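Data block below; observations after.
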Amino acid sequence: MSTDRSGLNTSCARRRPVVARRVGALPETIVHGETGLLIEDDRPETVCAALAAALVAPERGRAMGAAGRRRAHDVFSPERSVDTVERVYRSLV
C-alpha cells in the first residue's frame, strides 16, 4: 500500500487496483469500489481485509485496475494538467 503519488501512478499505469487510506487527496483520486478500495485506518486487519477483497474476486480486481488506468489517463494526464493550467492563466489575463 503506497501513500505517495508515484506509487499510485505506477499502480494505475499497470492496471492494478489500489488499496489506500482515506487521507489527503487520495479520496479525490481513487473512486472507492470502482478504481480501488479506500480504507479508514492502517491496522493490519483492515489492510488485509481490503487486500483479500481485491484478491478473492480477480475479475473485480482487473476491472478496478482497468478503471484506474482510464481515470488516471482521463483526469491526471500531463495533457489534462497543461489544459487546466492554461485555462487558469487565460482567466487571469
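Chain lettering (A, B, ...) mirrors the order of the C-alpha cells, residue numbering begins at 1 for each chain separately, and ligand numbering begins at 1 in order of display.
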DSSP on the backbone, strand (DSSP E or B) only: what residues of chain A does that give? Format it as number ranges by chain. A: 18-21, 32, 36-39
For the selection just defined, write its residues with C-alpha atoms to a file, as an mmCIF file, in the first residue's frame.
```cif
data_model
loop_
_atom_site.group_PDB
_atom_site.id
_atom_site.type_symbol
_atom_site.label_atom_id
_atom_site.label_comp_id
_atom_site.auth_asym_id
_atom_site.auth_seq_id
_atom_site.Cartn_x
_atom_site.Cartn_y
_atom_site.Cartn_z
ATOM 1 C CA VAL A 18 -5.338 0.401 -5.440
ATOM 2 C CA VAL A 19 -5.827 -0.072 -1.700
ATOM 3 C CA ALA A 20 -5.175 3.162 0.156
ATOM 4 C CA ARG A 21 -6.133 5.074 3.283
ATOM 5 C CA HIS A 32 -13.915 3.577 -3.859
ATOM 6 C CA GLY A 36 -9.674 0.752 -5.915
ATOM 7 C CA LEU A 37 -10.541 0.456 -2.263
ATOM 8 C CA LEU A 38 -10.269 3.172 0.362
ATOM 9 C CA ILE A 39 -9.757 2.136 3.965
#
```
Please provide as a PDB file with N, CA and C atoms, in the first residue's frame all residues within 12 Å of Pro17 (chain A), with the sequence filter that same-chain residues fewer than 2 positions apart are discarded (counting only C-alpha atoms).
```
ATOM      1  N   MET A   1       0.860  -1.165   0.000  1.00  0.00           N
ATOM      2  CA  MET A   1       0.000   0.000   0.000  1.00  0.00           C
ATOM      3  C   MET A   1       0.904   1.225   0.000  1.00  0.00           C
ATOM      4  N   SER A   2       0.730   2.052  -0.994  1.00  0.00           N
ATOM      5  CA  SER A   2       1.576   3.224  -1.111  1.00  0.00           C
ATOM      6  C   SER A   2       0.788   4.479  -0.790  1.00  0.00           C
ATOM      7  N   GLY A   7       3.725   5.934  -6.396  1.00  0.00           N
ATOM      8  CA  GLY A   7       3.224   4.571  -6.236  1.00  0.00           C
ATOM      9  C   GLY A   7       1.818   4.425  -6.775  1.00  0.00           C
ATOM     10  N   LEU A   8       1.005   5.426  -6.546  1.00  0.00           N
ATOM     11  CA  LEU A   8      -0.364   5.424  -7.056  1.00  0.00           C
ATOM     12  C   LEU A   8      -0.359   5.444  -8.574  1.00  0.00           C
ATOM     13  N   ASN A   9       0.462   6.319  -9.171  1.00  0.00           N
ATOM     14  CA  ASN A   9       0.540   6.397 -10.626  1.00  0.00           C
ATOM     15  C   ASN A   9       1.034   5.089 -11.221  1.00  0.00           C
ATOM     16  N   THR A  10       2.011   4.463 -10.576  1.00  0.00           N
ATOM     17  CA  THR A  10       2.528   3.189 -11.061  1.00  0.00           C
ATOM     18  C   THR A  10       1.448   2.115 -11.023  1.00  0.00           C
ATOM     19  N   SER A  11       0.700   2.051  -9.942  1.00  0.00           N
ATOM     20  CA  SER A  11      -0.382   1.065  -9.840  1.00  0.00           C
ATOM     21  C   SER A  11      -1.415   1.282 -10.925  1.00  0.00           C
ATOM     22  N   CYS A  12      -1.804   2.520 -11.132  1.00  0.00           N
ATOM     23  CA  CYS A  12      -2.803   2.827 -12.164  1.00  0.00           C
ATOM     24  C   CYS A  12      -2.272   2.480 -13.549  1.00  0.00           C
ATOM     25  N   ALA A  13      -1.029   2.847 -13.831  1.00  0.00           N
ATOM     26  CA  ALA A  13      -0.437   2.576 -15.144  1.00  0.00           C
ATOM     27  C   ALA A  13      -0.361   1.079 -15.419  1.00  0.00           C
ATOM     28  N   ARG A  14      -0.186   0.293 -14.373  1.00  0.00           N
ATOM     29  CA  ARG A  14      -0.087  -1.163 -14.533  1.00  0.00           C
ATOM     30  C   ARG A  14      -1.438  -1.861 -14.425  1.00  0.00           C
ATOM     31  N   ARG A  15      -2.499  -1.076 -14.369  1.00  0.00           N
ATOM     32  CA  ARG A  15      -3.875  -1.604 -14.281  1.00  0.00           C
ATOM     33  C   ARG A  15      -4.079  -2.458 -13.032  1.00  0.00           C
ATOM     34  N   VAL A  19      -5.304  -0.071  -3.062  1.00  0.00           N
ATOM     35  CA  VAL A  19      -5.827  -0.072  -1.700  1.00  0.00           C
ATOM     36  C   VAL A  19      -5.074   1.028  -0.969  1.00  0.00           C
ATOM     37  N   ALA A  20      -5.815   2.018  -0.485  1.00  0.00           N
ATOM     38  CA  ALA A  20      -5.175   3.162   0.156  1.00  0.00           C
ATOM     39  C   ALA A  20      -6.036   3.700   1.281  1.00  0.00           C
ATOM     40  N   ILE A  30      -8.926   8.220  -5.979  1.00  0.00           N
ATOM     41  CA  ILE A  30      -9.438   6.843  -6.050  1.00  0.00           C
ATOM     42  C   ILE A  30     -10.944   6.865  -5.840  1.00  0.00           C
ATOM     43  N   VAL A  31     -11.655   6.229  -6.742  1.00  0.00           N
ATOM     44  CA  VAL A  31     -13.100   6.098  -6.595  1.00  0.00           C
ATOM     45  C   VAL A  31     -13.347   4.750  -5.916  1.00  0.00           C
ATOM     46  N   HIS A  32     -13.766   4.801  -4.655  1.00  0.00           N
ATOM     47  CA  HIS A  32     -13.915   3.577  -3.859  1.00  0.00           C
ATOM     48  C   HIS A  32     -14.850   2.585  -4.564  1.00  0.00           C
ATOM     49  N   GLY A  33     -14.356   1.357  -4.720  1.00  0.00           N
ATOM     50  CA  GLY A  33     -15.142   0.299  -5.339  1.00  0.00           C
ATOM     51  C   GLY A  33     -15.119   0.319  -6.855  1.00  0.00           C
ATOM     52  N   GLU A  34     -14.584   1.390  -7.435  1.00  0.00           N
ATOM     53  CA  GLU A  34     -14.524   1.480  -8.900  1.00  0.00           C
ATOM     54  C   GLU A  34     -13.080   1.397  -9.403  1.00  0.00           C
ATOM     55  N   THR A  35     -12.193   2.200  -8.825  1.00  0.00           N
ATOM     56  CA  THR A  35     -10.788   2.178  -9.242  1.00  0.00           C
ATOM     57  C   THR A  35      -9.877   1.594  -8.173  1.00  0.00           C
ATOM     58  N   GLY A  36     -10.442   1.310  -7.020  1.00  0.00           N
ATOM     59  CA  GLY A  36      -9.674   0.752  -5.915  1.00  0.00           C
ATOM     60  C   GLY A  36     -10.504   0.750  -4.654  1.00  0.00           C
ATOM     61  N   LEU A  37      -9.850   0.510  -3.547  1.00  0.00           N
ATOM     62  CA  LEU A  37     -10.541   0.456  -2.263  1.00  0.00           C
ATOM     63  C   LEU A  37      -9.906   1.447  -1.298  1.00  0.00           C
ATOM     64  N   LEU A  38     -10.731   2.237  -0.654  1.00  0.00           N
ATOM     65  CA  LEU A  38     -10.269   3.172   0.362  1.00  0.00           C
ATOM     66  C   LEU A  38     -10.560   2.595   1.735  1.00  0.00           C
ATOM     67  N   ALA A  50      -9.020  -5.559   3.035  1.00  0.00           N
ATOM     68  CA  ALA A  50      -9.148  -4.885   1.740  1.00  0.00           C
ATOM     69  C   ALA A  50      -8.365  -5.619   0.661  1.00  0.00           C
ATOM     70  N   LEU A  51      -7.155  -6.055   0.986  1.00  0.00           N
ATOM     71  CA  LEU A  51      -6.361  -6.808   0.009  1.00  0.00           C
ATOM     72  C   LEU A  51      -7.039  -8.127  -0.338  1.00  0.00           C
ATOM     73  N   ALA A  52      -7.588  -8.800   0.665  1.00  0.00           N
ATOM     74  CA  ALA A  52      -8.291 -10.064   0.417  1.00  0.00           C
ATOM     75  C   ALA A  52      -9.496  -9.841  -0.483  1.00  0.00           C
ATOM     76  N   ALA A  53     -10.224  -8.749  -0.256  1.00  0.00           N
ATOM     77  CA  ALA A  53     -11.388  -8.446  -1.090  1.00  0.00           C
ATOM     78  C   ALA A  53     -10.974  -8.247  -2.539  1.00  0.00           C
ATOM     79  N   ALA A  54      -9.827  -7.620  -2.763  1.00  0.00           N
ATOM     80  CA  ALA A  54      -9.354  -7.400  -4.126  1.00  0.00           C
ATOM     81  C   ALA A  54      -8.846  -8.694  -4.757  1.00  0.00           C
ATOM     82  N   LEU A  55      -8.287  -9.587  -3.936  1.00  0.00           N
ATOM     83  CA  LEU A  55      -7.712 -10.823  -4.475  1.00  0.00           C
ATOM     84  C   LEU A  55      -8.723 -11.949  -4.645  1.00  0.00           C
ATOM     85  N   ALA A  57     -11.768 -11.828  -5.650  1.00  0.00           N
ATOM     86  CA  ALA A  57     -12.552 -11.673  -6.880  1.00  0.00           C
ATOM     87  C   ALA A  57     -11.637 -11.085  -7.955  1.00  0.00           C
ATOM     88  N   PRO A  58     -10.862 -11.932  -8.635  1.00  0.00           N
ATOM     89  CA  PRO A  58      -9.881 -11.423  -9.600  1.00  0.00           C
ATOM     90  C   PRO A  58     -10.493 -10.581 -10.717  1.00  0.00           C
ATOM     91  N   GLU A  59     -11.685 -10.946 -11.154  1.00  0.00           N
ATOM     92  CA  GLU A  59     -12.333 -10.160 -12.214  1.00  0.00           C
ATOM     93  C   GLU A  59     -12.615  -8.743 -11.735  1.00  0.00           C
ATOM     94  N   ARG A  60     -13.077  -8.628 -10.497  1.00  0.00           N
ATOM     95  CA  ARG A  60     -13.339  -7.304  -9.930  1.00  0.00           C
ATOM     96  C   ARG A  60     -12.043  -6.511  -9.810  1.00  0.00           C
ATOM     97  N   GLY A  61     -10.970  -7.175  -9.374  1.00  0.00           N
ATOM     98  CA  GLY A  61      -9.671  -6.511  -9.281  1.00  0.00           C
ATOM     99  C   GLY A  61      -9.188  -6.030 -10.633  1.00  0.00           C
ATOM    100  N   ARG A  62      -9.351  -6.858 -11.666  1.00  0.00           N
ATOM    101  CA  ARG A  62      -8.947  -6.449 -13.011  1.00  0.00           C
ATOM    102  C   ARG A  62      -9.783  -5.276 -13.499  1.00  0.00           C
ATOM    103  N   ALA A  63     -11.088  -5.315 -13.214  1.00  0.00           N
ATOM    104  CA  ALA A  63     -11.975  -4.217 -13.626  1.00  0.00           C
ATOM    105  C   ALA A  63     -11.586  -2.913 -12.910  1.00  0.00           C
ATOM    106  N   MET A  64     -11.286  -3.003 -11.614  1.00  0.00           N
ATOM    107  CA  MET A  64     -10.863  -1.805 -10.884  1.00  0.00           C
ATOM    108  C   MET A  64      -9.539  -1.273 -11.435  1.00  0.00           C
ATOM    109  N   GLY A  65      -8.615  -2.174 -11.749  1.00  0.00           N
ATOM    110  CA  GLY A  65      -7.334  -1.762 -12.309  1.00  0.00           C
ATOM    111  C   GLY A  65      -7.497  -1.061 -13.647  1.00  0.00           C
ATOM    112  N   ALA A  66      -8.338  -1.616 -14.505  1.00  0.00           N
ATOM    113  CA  ALA A  66      -8.588  -1.003 -15.817  1.00  0.00           C
ATOM    114  C   ALA A  66      -9.261   0.357 -15.655  1.00  0.00           C
ATOM    115  N   ALA A  67     -10.213   0.447 -14.731  1.00  0.00           N
ATOM    116  CA  ALA A  67     -10.900   1.722 -14.483  1.00  0.00           C
ATOM    117  C   ALA A  67      -9.922   2.752 -13.916  1.00  0.00           C
ATOM    118  N   GLY A  68      -9.004   2.310 -13.076  1.00  0.00           N
ATOM    119  CA  GLY A  68      -7.996   3.214 -12.525  1.00  0.00           C
ATOM    120  C   GLY A  68      -7.082   3.764 -13.605  1.00  0.00           C
ATOM    121  N   ARG A  69      -6.707   2.909 -14.529  1.00  0.00           N
ATOM    122  CA  ARG A  69      -5.856   3.375 -15.638  1.00  0.00           C
ATOM    123  C   ARG A  69      -6.599   4.403 -16.491  1.00  0.00           C
ATOM    124  N   ARG A  70      -7.860   4.112 -16.809  1.00  0.00           N
ATOM    125  CA  ARG A  70      -8.658   5.064 -17.598  1.00  0.00           C
ATOM    126  C   ARG A  70      -8.778   6.392 -16.868  1.00  0.00           C
ATOM    127  N   ARG A  71      -9.081   6.325 -15.568  1.00  0.00           N
ATOM    128  CA  ARG A  71      -9.240   7.550 -14.786  1.00  0.00           C
ATOM    129  C   ARG A  71      -7.926   8.328 -14.721  1.00  0.00           C
TER     130      ARG A  71
END
```
As number ranges by chain, please: every residue in region 28-77 of chain A that DSSP puts in alpha helix (DSSP H). A: 28-29, 44-56, 58-76
Distance CA of Val47 (chain A)-CA of Asp74 (chain A), one decimal place?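 Computing it gives 28.0 Å between the two atoms.
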